[in-house]
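Engineer: I'd like to ask you about the structure that follows.
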Amino acid sequence: ARQRVFWLKQVIENQDGYRFFYRSNGARIDREQDLQLLYALTWFATESDVNREVNNGRGPVDFKVSRGSRDKSLVEFKLAKNTQLEKNLEKQLAIYEAANNTKKSLTVILFLSEDELLRVESILRRLKLTDDEDIILIDARNDNKPSGSKA
């Protein structure tokens, strides 16, 4: 699950995948379901069992990835603009982990502006999560990715 998240991050940040989140006129397309769909596309030809919106009690997690009952991970996607982000980071995955009998989970946060990044960093500091390797930020800004010939 972590490898696939990092592949998605690579494509969005370094291979023009960020363009998926913008219309031709520059208007943002920022829906969590679009990010989830992109992640689902990374699971082609896998031995893993990958399921979306699994609800084993207490609400649906975005993805549950497993290779049997002893090897399962949860992946939850969030947009940085989400008004409930701090509360979700504080409580949501722990509840989902208990419902799915696992202690392995990832939170992926997509941001589309410098202000959103600063907001996320502030929340992570307040919650003392700045060094949590299970929280992965993806930079989908369109203002910081110049062409190699212009960088």
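Every chain in the structure tokens takes a letter, A first, then B, and so on in the order presented; its residues are numbered from 1, and the ligands are numbered from 1 following the presented order.
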According to DSSP computed on the backbone, where in stretch 47-78 of chain A is there strand (DSSP E or B)? Give the residues as a list of chain:residue names.
Structural biologist: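 Filtering stretch 47-78 of chain A down to strand (DSSP E or B) leaves A:Asp49, A:Val50, A:Asn51, A:Arg52, A:Glu53, A:Val54, A:Val61, A:Asp62, A:Phe63, A:Lys64, A:Val65, A:Ser66, A:Lys72, A:Ser73, A:Leu74, A:Val75, A:Glu76, A:Phe77, A:Lys78.
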Engineer: When you look at A:Ile135 with a cut-off of 12 Å (counting only C-alpha atoms), what residues show up, excluding the ones that are within fewer than 3 positions of it in the same chain? I need them as a PyMOL selection string.
Structural biologist: chain A and resi 2+5-6+75-78+89-90+93+104-110+120-121+124+128-132+138
Engineer: So which residues touch A:Ser73 within 10 Å, counting only C-alpha atoms, skipping near sequence neighbours fewer than 5 positions away, as a list in words?
Structural biologist: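 Once the nearby chain positions are removed, what remains is Ala1, Arg2, Val50, Phe63, Lys64, Val65, Ser66, Arg67, Glu97, Asn100, Asn101, Thr102, Lys103, Lys104, Ser105 and Leu106 of chain A.
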Engineer: Just the helix (DSSP H, G or I) stuff from stretch 16-139 of chain A, please, per backbone DSSP, written as a PyMOL selection string.
Structural biologist: chain A and resi 17-21+32-41+85-100+114-126
Engineer: How many Å lie between atom CA of A:Leu79 and atom CA of A:Asp30, rounded to one decimal?
Structural biologist: 7.6 Å
Engineer: How many Å separate atom CA of A:Gly59 from atom CA of A:Glu47?
Structural biologist: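 Interatomic distance, atom CA of A:Gly59 to atom CA of A:Glu47: 26.0 Å.
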Engineer: Quote the spacing between atom CA of A:Val54 and atom CA of A:Asp134 in Å to one decimal place.
Structural biologist: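 These atoms are spaced 19.6 Å apart.
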Engineer: Taking only C-alpha atoms into account, which of A:Asn56, A:Leu85, A:Asn142, A:Ser122 comes nearest A:Ser24?
Structural biologist: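 Using only C-alpha atoms, A:Ser24 sits closest to A:Asn142.
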